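S.K.: Dropping in start.cif, with mmCIF, C-alpha atoms.
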data_data
#
loop_
_atom_site.label_atom_id
_atom_site.label_comp_id
_atom_site.auth_asym_id
_atom_site.auth_seq_id
_atom_site.Cartn_x
_atom_site.Cartn_y
_atom_site.Cartn_z
CA MET A 274 9.64 -0.17 10.00
CA SER A 275 10.67 3.44 10.28
CA CYS A 276 12.90 4.82 12.99
CA ASN A 277 10.09 7.22 13.92
CA THR A 278 7.75 4.27 14.61
CA PHE A 279 10.33 2.83 17.00
CA GLY A 280 10.66 6.23 18.68
CA ASN A 281 6.90 6.41 19.18
CA TYR A 282 6.99 2.92 20.68
CA ILE A 283 9.61 4.03 23.24
CA VAL A 284 7.60 7.17 24.09
CA ASP A 285 4.37 5.20 24.57
CA ALA A 286 6.01 2.49 26.72
CA ARG A 287 7.77 5.10 28.84
CA LYS A 288 4.66 7.21 29.43
CA ARG A 289 2.50 4.18 30.24
CA GLN A 290 4.87 3.41 33.10
CA GLY A 291 5.14 7.02 34.26
CA ILE A 292 8.87 7.20 33.58
CA THR A 293 10.57 10.46 32.62
CA GLN A 294 13.21 10.67 29.93
CA GLU A 295 15.84 11.34 32.59
CA GLU A 296 14.85 8.26 34.62
CA LEU A 297 14.84 5.99 31.61
CA CYS A 298 18.14 7.04 30.07
CA PHE A 299 20.25 7.79 33.18
CA GLY A 300 23.66 6.16 32.69
CA ILE A 301 22.63 4.81 29.27
CA CYS A 302 22.61 7.92 27.11
CA SER A 303 21.91 11.63 27.47
CA PRO A 304 18.34 12.97 27.60
CA GLY A 305 19.12 14.74 24.33
CA THR A 306 20.04 11.45 22.67
CA LEU A 307 16.89 9.79 24.01
CA SER A 308 14.82 12.72 22.72
CA ARG A 309 16.35 12.28 19.25
CA ILE A 310 15.59 8.52 19.40
CA GLU A 311 12.01 9.23 20.39
CA ASN A 312 11.43 11.79 17.64
CA GLY A 313 12.97 9.53 15.02
CA SER A 314 16.09 11.54 14.13
CA THR A 315 18.57 9.04 15.64
CA ILE A 316 18.87 5.27 15.43
CA PRO A 317 20.29 3.98 18.74
CA ARG A 318 23.39 1.81 18.89
CA ARG A 319 22.85 -1.80 19.93
CA ARG A 320 23.88 -1.41 23.60
CA ILE A 321 21.72 1.68 24.07
CA TYR A 322 18.76 0.03 22.37
CA GLU A 323 19.02 -3.13 24.51
CA ALA A 324 19.41 -1.20 27.77
CA LEU A 325 16.40 1.05 27.06
CA MET A 326 14.21 -1.92 26.17
CA GLN A 327 15.33 -3.85 29.25
CA ARG A 328 14.54 -0.91 31.54
CA LEU A 329 11.08 -0.66 30.00
CA GLY A 330 10.51 -4.40 30.31
CA GLN A 331 9.96 -4.71 26.57
CA PRO A 332 11.19 -7.58 24.33
CA VAL A 333 14.65 -6.78 22.99
CA SER A 334 13.90 -9.02 20.00
CA LEU A 335 10.85 -6.97 18.99
CA TRP A 336 12.68 -4.55 16.69
CA ARG A 337 15.37 -5.14 14.09
CA LEU A 338 17.64 -2.13 14.04
CA PRO A 339 20.36 -1.72 11.39
CA ILE A 340 23.72 -2.95 12.71
CA SER A 341 26.98 -2.69 10.78
CA ASP A 342 29.07 -5.74 9.93
CA VAL A 343 31.80 -4.44 12.26
CA ASP A 344 29.36 -4.16 15.19
CA MET A 345 27.96 -7.62 14.45
CA GLU A 346 31.46 -9.11 14.46
CA LEU A 347 32.27 -7.32 17.73
CA TYR A 348 29.01 -8.50 19.31
CA GLY A 349 29.78 -12.10 18.30
CA SER A 350 33.30 -11.88 19.73
CA LEU A 351 32.03 -10.51 23.04
CA ARG A 352 29.44 -13.27 23.31
CA HIS A 353 32.18 -15.83 22.61
CA ALA A 354 34.35 -14.28 25.35
CA VAL A 355 31.52 -14.47 27.90
CA GLN A 356 30.74 -18.03 26.82
CA CYS A 357 34.36 -19.04 27.47
CA MET A 358 34.16 -17.53 30.96
CA MET A 359 30.89 -19.36 31.61
CA HIS A 360 32.64 -22.62 30.72
CA ASN A 361 35.52 -21.74 33.08
CA ASP A 362 37.98 -21.04 30.24
CA TRP A 363 38.94 -17.69 31.71
CA GLU A 364 42.28 -17.42 29.91
CA LYS A 365 40.66 -17.61 26.47
CA GLY A 366 37.81 -15.36 27.57
CA GLU A 367 40.23 -12.71 28.79
CA ALA A 368 42.22 -12.87 25.54
CA LEU A 369 39.05 -12.36 23.50
CA LEU A 370 37.97 -9.44 25.70
CA ARG A 371 41.39 -7.85 25.33
CA ALA A 372 41.08 -8.08 21.53
CA CYS A 373 37.63 -6.43 21.67
CA ARG A 374 38.39 -3.71 24.23
CA GLY A 375 39.55 -0.98 21.88
CA ARG A 376 36.97 -1.64 19.18
CA GLU A 377 33.79 -0.64 21.01
CA ARG A 378 32.49 2.91 21.04
CA MET A 379 32.01 3.86 24.68
CA SER A 380 28.70 4.92 26.17
CA GLY A 381 27.57 4.75 29.79
CA ASN A 382 26.36 1.17 29.66
CA SER A 383 29.42 0.14 27.58
CA ARG A 384 31.64 1.39 30.39
CA GLN A 385 29.50 -0.53 32.83
CA PHE A 386 29.97 -3.76 30.87
CA TRP A 387 33.75 -3.39 30.78
CA GLN A 388 33.94 -2.52 34.48
CA LEU A 389 31.88 -5.62 35.24
CA MET A 390 34.22 -7.77 33.14
CA GLY A 391 37.23 -6.31 34.96
CA ALA A 392 35.67 -7.11 38.34
CA LEU A 393 34.90 -10.69 37.26
CA LEU A 394 38.46 -11.25 36.09
CA HIS A 395 39.82 -9.75 39.32
CA ALA A 396 37.59 -12.06 41.37
CA HIS A 397 38.66 -15.08 39.31
CA ARG A 398 42.32 -14.27 40.03
CA GLY A 399 41.53 -14.36 43.75
CA GLY A 400 41.11 -10.64 44.38
CA GLU A 401 39.99 -9.72 47.88
CA PRO A 402 36.19 -9.54 48.11
CA ASP A 403 36.22 -5.96 49.42
CA ALA A 404 38.31 -4.81 46.44
CA VAL A 405 36.04 -6.62 43.98
CA LEU A 406 32.99 -5.14 45.70
CA GLN A 407 34.39 -1.65 45.17
CA GLU A 408 34.78 -2.36 41.46
CA LEU A 409 31.22 -3.72 41.22
CA GLU A 410 29.79 -0.74 43.09
CA SER A 411 31.68 1.58 40.73
CA ALA A 412 30.25 -0.29 37.73
CA LEU A 413 26.73 -0.08 39.15
CA SER A 414 27.04 3.67 39.75
CA VAL A 415 27.61 4.23 36.00
CA THR A 416 23.86 3.81 35.45
CA GLY A 417 22.84 5.58 38.63
CA ARG A 418 22.25 2.54 40.83
CA ARG A 419 23.49 1.90 44.35
CA VAL A 420 23.89 -1.47 46.04
CA GLU A 421 21.89 -0.42 49.09
CA ASP A 422 18.96 0.96 47.07
CA SER A 423 15.72 -1.01 47.05
CA LEU A 424 15.25 -2.96 43.84
CA TYR A 425 11.59 -1.98 43.75
CA HIS A 426 12.13 1.08 41.57
CA LYS A 427 9.68 1.89 38.79
CA CYS A 428 12.49 1.62 36.24
CA LEU A 429 13.54 -1.92 35.48
CA LEU A 430 17.11 -3.07 35.85
CA THR A 431 19.17 -3.76 32.75
CA PHE A 432 20.76 -7.16 32.17
CA GLU A 433 24.20 -5.84 33.20
CA GLU A 434 22.77 -4.31 36.38
CA LEU A 435 21.26 -7.68 37.32
CA LEU A 436 24.61 -9.39 36.71
CA ILE A 437 26.43 -6.82 38.85
CA LEU A 438 24.01 -7.30 41.76
CA ASN A 439 24.36 -11.07 41.42
CA ASN A 440 28.12 -10.69 41.73
CA VAL A 441 27.79 -8.35 44.68
CA ALA A 442 25.98 -11.19 46.45
CA ILE A 443 28.77 -13.60 45.44
CA GLN A 444 31.38 -11.34 47.06
CA TYR A 445 29.26 -11.12 50.22
CA GLN A 446 29.23 -14.91 50.30
CA ARG A 447 33.00 -15.02 49.78
CA LYS A 448 33.31 -12.78 52.85
CA GLN A 449 31.00 -15.18 54.71
CA ASN A 450 28.60 -12.27 55.08
CA TYR A 451 25.71 -14.64 54.54
CA ARG A 452 23.07 -12.23 55.80
CA ASP A 453 23.72 -9.63 53.08
CA ALA A 454 24.18 -12.31 50.39
CA PHE A 455 20.84 -13.83 51.45
CA HIS A 456 19.15 -10.42 51.35
CA MET A 457 20.53 -9.61 47.88
CA TRP A 458 19.53 -12.91 46.25
CA ASP A 459 16.15 -12.86 47.99
CA GLN A 460 15.51 -9.35 46.59
CA LEU A 461 16.64 -10.39 43.10
CA LYS A 462 14.42 -13.48 43.15
CA THR A 463 11.39 -11.45 44.23
CA TYR A 464 12.20 -8.76 41.68
CA LEU A 465 12.30 -11.24 38.79
CA GLU A 466 9.09 -12.89 39.95
CA THR A 467 7.05 -9.72 40.42
CA ARG A 468 8.23 -7.12 37.91
CA LYS A 469 6.99 -6.86 34.34
CA MET A 470 9.83 -7.79 32.01
CA ASP A 471 10.61 -9.52 28.75
CA PRO A 472 10.32 -13.32 29.36
CA ASP A 473 13.47 -13.96 27.30
CA GLU A 474 15.45 -11.54 29.46
CA LYS A 475 14.09 -13.14 32.62
CA ASP A 476 15.01 -16.61 31.35
CA ARG A 477 18.61 -15.48 30.89
CA VAL A 478 19.15 -14.86 34.61
CA TYR A 479 16.38 -16.49 36.66
CA SER A 480 17.83 -20.03 36.84
CA MET A 481 21.28 -18.61 37.65
CA LEU A 482 19.89 -16.60 40.57
CA LEU A 483 17.89 -19.56 41.83
CA HIS A 484 21.02 -21.73 41.76
CA ASN A 485 23.13 -19.16 43.57
CA TYR A 486 20.46 -18.56 46.20
CA ALA A 487 19.97 -22.33 46.68
CA ASN A 488 23.73 -22.85 46.93
CA LEU A 489 23.98 -20.19 49.65
CA LEU A 490 21.15 -21.81 51.64
CA ARG A 491 22.91 -25.18 51.29
CA VAL A 492 26.12 -23.67 52.72
CA MET A 493 24.04 -22.16 55.54
CA GLY A 494 22.58 -25.60 56.36
CA GLN A 495 19.05 -24.75 55.24
CA TRP A 496 18.82 -27.90 53.16
CA GLN A 497 15.06 -28.21 52.66
CA GLU A 498 14.73 -24.55 51.66
CA SER A 499 17.68 -25.00 49.29
CA LEU A 500 16.13 -28.14 47.84
CA ASP A 501 12.87 -26.31 47.15
CA LEU A 502 14.75 -23.60 45.23
CA CYS A 503 16.64 -26.26 43.26
CA GLU A 504 13.34 -27.83 42.23
CA THR A 505 12.05 -24.43 41.10
CA GLY A 506 15.25 -23.81 39.14
CA ILE A 507 15.13 -27.24 37.48
CA ALA A 508 11.51 -26.65 36.45
CA GLU A 509 12.50 -23.23 35.08
CA CYS A 510 15.31 -24.75 32.98
CA ARG A 511 12.86 -27.21 31.46
CA LYS A 512 10.19 -24.58 30.85
CA SER A 513 12.57 -22.15 29.16
CA SER A 514 14.61 -24.86 27.34
CA ARG A 515 17.79 -23.27 28.76
CA TYR A 516 19.74 -26.18 30.21
CA LEU A 517 23.19 -24.70 30.88
CA LEU A 518 22.45 -24.35 34.62
CA LEU A 519 20.70 -27.71 34.94
CA PRO A 520 23.76 -29.78 35.96
CA TYR A 521 24.66 -27.21 38.65
CA LEU A 522 21.12 -27.25 40.03
CA LEU A 523 21.06 -31.05 40.02
CA TYR A 524 24.41 -31.14 41.86
CA CYS A 525 23.05 -28.76 44.52
CA LYS A 526 19.86 -30.83 44.76
CA GLY A 527 21.90 -34.02 45.27
CA GLU A 528 23.97 -32.46 48.04
CA ASN A 529 20.80 -31.34 49.82
CA LEU A 530 19.26 -34.79 49.51
CA LYS A 531 22.39 -36.30 51.11
CA GLN A 532 22.13 -33.93 54.05
CA LEU A 533 18.45 -34.80 54.42
CA GLY A 534 19.27 -38.54 54.55
CA ARG A 535 17.65 -39.33 51.20
CA ASN A 536 20.75 -41.12 49.92
CA GLU A 537 19.21 -43.25 47.17
CA GLU A 538 17.62 -40.19 45.55
CA ALA A 539 20.86 -38.26 46.04
CA ASP A 540 22.92 -40.87 44.19
CA SER A 541 20.51 -40.88 41.25
CA VAL A 542 20.51 -37.08 40.98
CA SER A 543 24.33 -36.94 41.26
CA VAL A 544 24.68 -39.33 38.32
CA GLN A 545 22.34 -37.13 36.27
CA SER A 546 24.41 -34.07 37.15
CA ASP A 547 27.73 -35.73 36.21
CA ASN A 548 26.30 -36.98 32.91
CA LEU A 549 25.05 -33.51 31.98
CA PHE A 550 28.39 -31.90 32.82
CA GLN A 551 29.98 -34.32 30.35
CA LEU A 552 27.23 -33.91 27.74
CA TYR A 553 27.46 -30.10 27.77
CA GLN A 554 31.29 -30.26 27.96
CA GLN A 555 31.27 -28.10 31.06
CA ASP A 556 34.06 -27.95 33.60
CA CYS A 557 32.62 -29.63 36.71
CA SER A 558 35.41 -28.30 38.96
CA CYS A 559 33.26 -25.25 39.78
CA LYS A 560 30.13 -27.17 40.79
CA GLY A 561 29.01 -26.16 44.24
CA GLU A 562 30.13 -22.58 43.59
CA ALA A 563 28.08 -19.50 42.70
CA ILE A 564 27.71 -18.71 38.99
CA PRO A 565 28.93 -15.17 38.15
CA ILE A 566 27.68 -14.76 34.58
CA ILE A 567 25.34 -16.28 32.04
CA LEU A 568 24.28 -15.52 28.46
#
So, in terms of structure tokens, how does the structure I just supplied come out?
M.R.:
Amino acid sequence: MSCNTFGNYIVDARKRQGITQEELCFGICSPGTLSRIENGSTIPRRRIYEALMQRLGQPVSLWRLPISDVDMELYGSLRHAVQCMMHNDWEKGEALLRACRGRERMSGNSRQFWQLMGALLHAHRGGEPDAVLQELESALSVTGRRVEDSLYHKCLLTFEELLILNNVAIQYQRKQNYRDAFHMWDQLKTYLETRKMDPDEKDRVYSMLLHNYANLLRVMGQWQESLDLCETGIAECRKSSRYLLLPYLLYCKGENLKQLGRNEEADSVSVQSDNLFQLYQQDCSCKGEAIPIIL
């Protein structure tokens, strides 16, 4: 498929949604770069391509753009680093990120990714929530977003923007500012359920947000509401065949069942959760905590 065909696809998707070039590319690339992509004279780099497609709600997997061996190796290393952090091996994840840091060509959304990673590492080391929040807000501003803005903007959020907002809610919870954490996760849940987006992209974050929202409600003593969200998250894991969050959701479900006096069910669910933590070789020491990142 020619580059010009891809450019036409971007133009058509953008115009159907009534989005200007400036709105689509803000913080991702310059309007001039987007114009060259749309007229077929430039092939976008991987990060720019993914961010544009995510904002348009189009499947990232739809097009196969040429990627160099060096970029493929870097992409694999970054995924490995994030995977280590997901499995609570932060030391190895940080080492891999450090090895990758100087190898990536910087664009707006590249800077956003690295600022997000820095904030996550700072939070893991016990950084004060207010300081981590400042770093997350700085990362979000790279692509023109603000924490207090409504999520119901005609442009979709990119995957990194969703992760940043998820971690903003985590820091609110760390501060015991449950009202703002509740508001953020409630907005994110509604956003994912109502906005047009690539199903694969939604699957990457939806179960994580449901778990974090359910975990907050459990901490707040809203056990039935939390249980209902756990059930939705468990069903989502099964539907999407993405099971990494399943043991966390089952743990949260078991804790809610205990509080509701349904002890026999709680014991059964807790055994399932423990078995899955072992099966997936996940560190169960962080169960009952919010999940900051997911692939």
S.K.: Just the number, please: distance in Å from atom CA of Leu329 of chain A to atom CA of Ser414 of chain A, one decimal.
M.R.: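 Taking atom CA of Leu329 of chain A as the start and atom CA of Ser414 of chain A as the end point, the length is 19.2 Å.
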S.K.: Given the file shown, enumerate the residues that the PyMOL selection byres ((chain A and resi 464-480) around 7) captures and present them as a PyMOL selection string.
M.R.: chain A and resi 330-332+424+460-463+481-484+506+509-510+513+518+567-568
S.K.: Pick the closest to Asn529 of chain A from A:Gln551, A:Thr306, A:Gln449, A:Gln495: which is it, counting all atoms listed in the file?
M.R.: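 Comparing A:Gln551, A:Thr306, A:Gln449, A:Gln495 against Asn529 of chain A, the winner is A:Gln495.
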S.K.: Can you translate the PyMOL selection byres ((chain A and resi 523) around 12) into the concrete residues it hits in this file, as a PyMOL selection string?
M.R.: chain A and resi 480+484+487-488+499-508+510+516-522+524-530+538-550+560-561
S.K.: Evaluating the PyMOL selection byres ((chain A and resi 333-345) around 10) on the displayed file yields which residues, as a ChimeraX atom specification?
M.R.: /A:274-276,279,316-319,322-327,329-332,346-351,376-378,471,473-474
S.K.: For segment 428-445 of chain A, work out the shell of residues within 7 Å, counting only C-alpha atoms and skipping chain neighbours fewer than 3 positions away, then give it as a list in words.
M.R.: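 Within the cut-off, the hits are Leu297, Ala324, Gln327, Arg328, Leu329, Gly330, Phe386, Leu389, Pro402, Leu406, Leu409, Leu413, Lys448, Gln449, Asn450, Tyr451, Asp453, Ala454, Met457, Trp458, Ala563, Pro565 and Ile566 of chain A.
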S.K.: Could you tell me how far atom CA of Gln407 of chain A lies from atom CA of Gln294 of chain A, in Å and to one decimal?
M.R.: 28.9 Å
S.K.: For Gln555 of chain A, which residue out of A:Leu370, A:Gln356, A:Arg384, A:Gln532 is the nearest one, using all atoms listed in the file?
M.R.: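 Of all the options, A:Gln356 lies closest to Gln555 of chain A.
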S.K.: Please indicate the distance in Å from atom CA of Gly391 of chain A to atom CA of Cys373 of chain A, rounded to one decimal place.
M.R.: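 So the answer is 13.3 Å.
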S.K.: Using all atoms listed in the file, pick whichever of A:Glu408, A:Val420, A:Glu562, A:Gln497 has the shortest atom-to-atom distance to Arg535 of chain A.
M.R.: A:Gln497
S.K.: Name all residues at most 7 Å from Asp556 of chain A (count all atoms listed in the file; drop same-chain ones fewer than 2 positions away) and give them as a PDB file with C-alpha atoms, keeping the file's coordinate frame.
M.R.:
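Wrote it out as selection18.pdb, contents follow:
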ATOM      1  CA  HIS A 360      32.640 -22.620  30.720  1.00  0.00           C
ATOM      2  CA  ASN A 361      35.520 -21.740  33.080  1.00  0.00           C
ATOM      3  CA  PHE A 550      28.390 -31.900  32.820  1.00  0.00           C
ATOM      4  CA  GLN A 554      31.290 -30.260  27.960  1.00  0.00           C
ATOM      5  CA  SER A 558      35.410 -28.300  38.960  1.00  0.00           C
ATOM      6  CA  CYS A 559      33.260 -25.250  39.780  1.00  0.00           C
TER       7      CYS A 559
END
S.K.: Pick out the closest residue to Cys557 of chain A from this set: A:Asp285, A:Thr315, A:Pro304, A:Met359. Count all atoms listed in the file.
M.R.: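 For Cys557 of chain A, the nearest of the given residues is A:Met359.
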S.K.: Counting all atoms listed in the file, which of A:Glu537, A:Tyr282, A:Ile564, A:Gly494 gets nearest to Ile310 of chain A?
M.R.: A:Tyr282
S.K.: Padding 6 Å on every side, please: axis-aligned box over the listed atoms of segment 501-517 of chain A, centre and edge lengths to one decimal in Å, as AutoDock Vina command-line options.
M.R.:
--center_x 16.7 --center_y -25.0 --center_z 37.2 --size_x 25.0 --size_y 17.7 --size_z 31.8
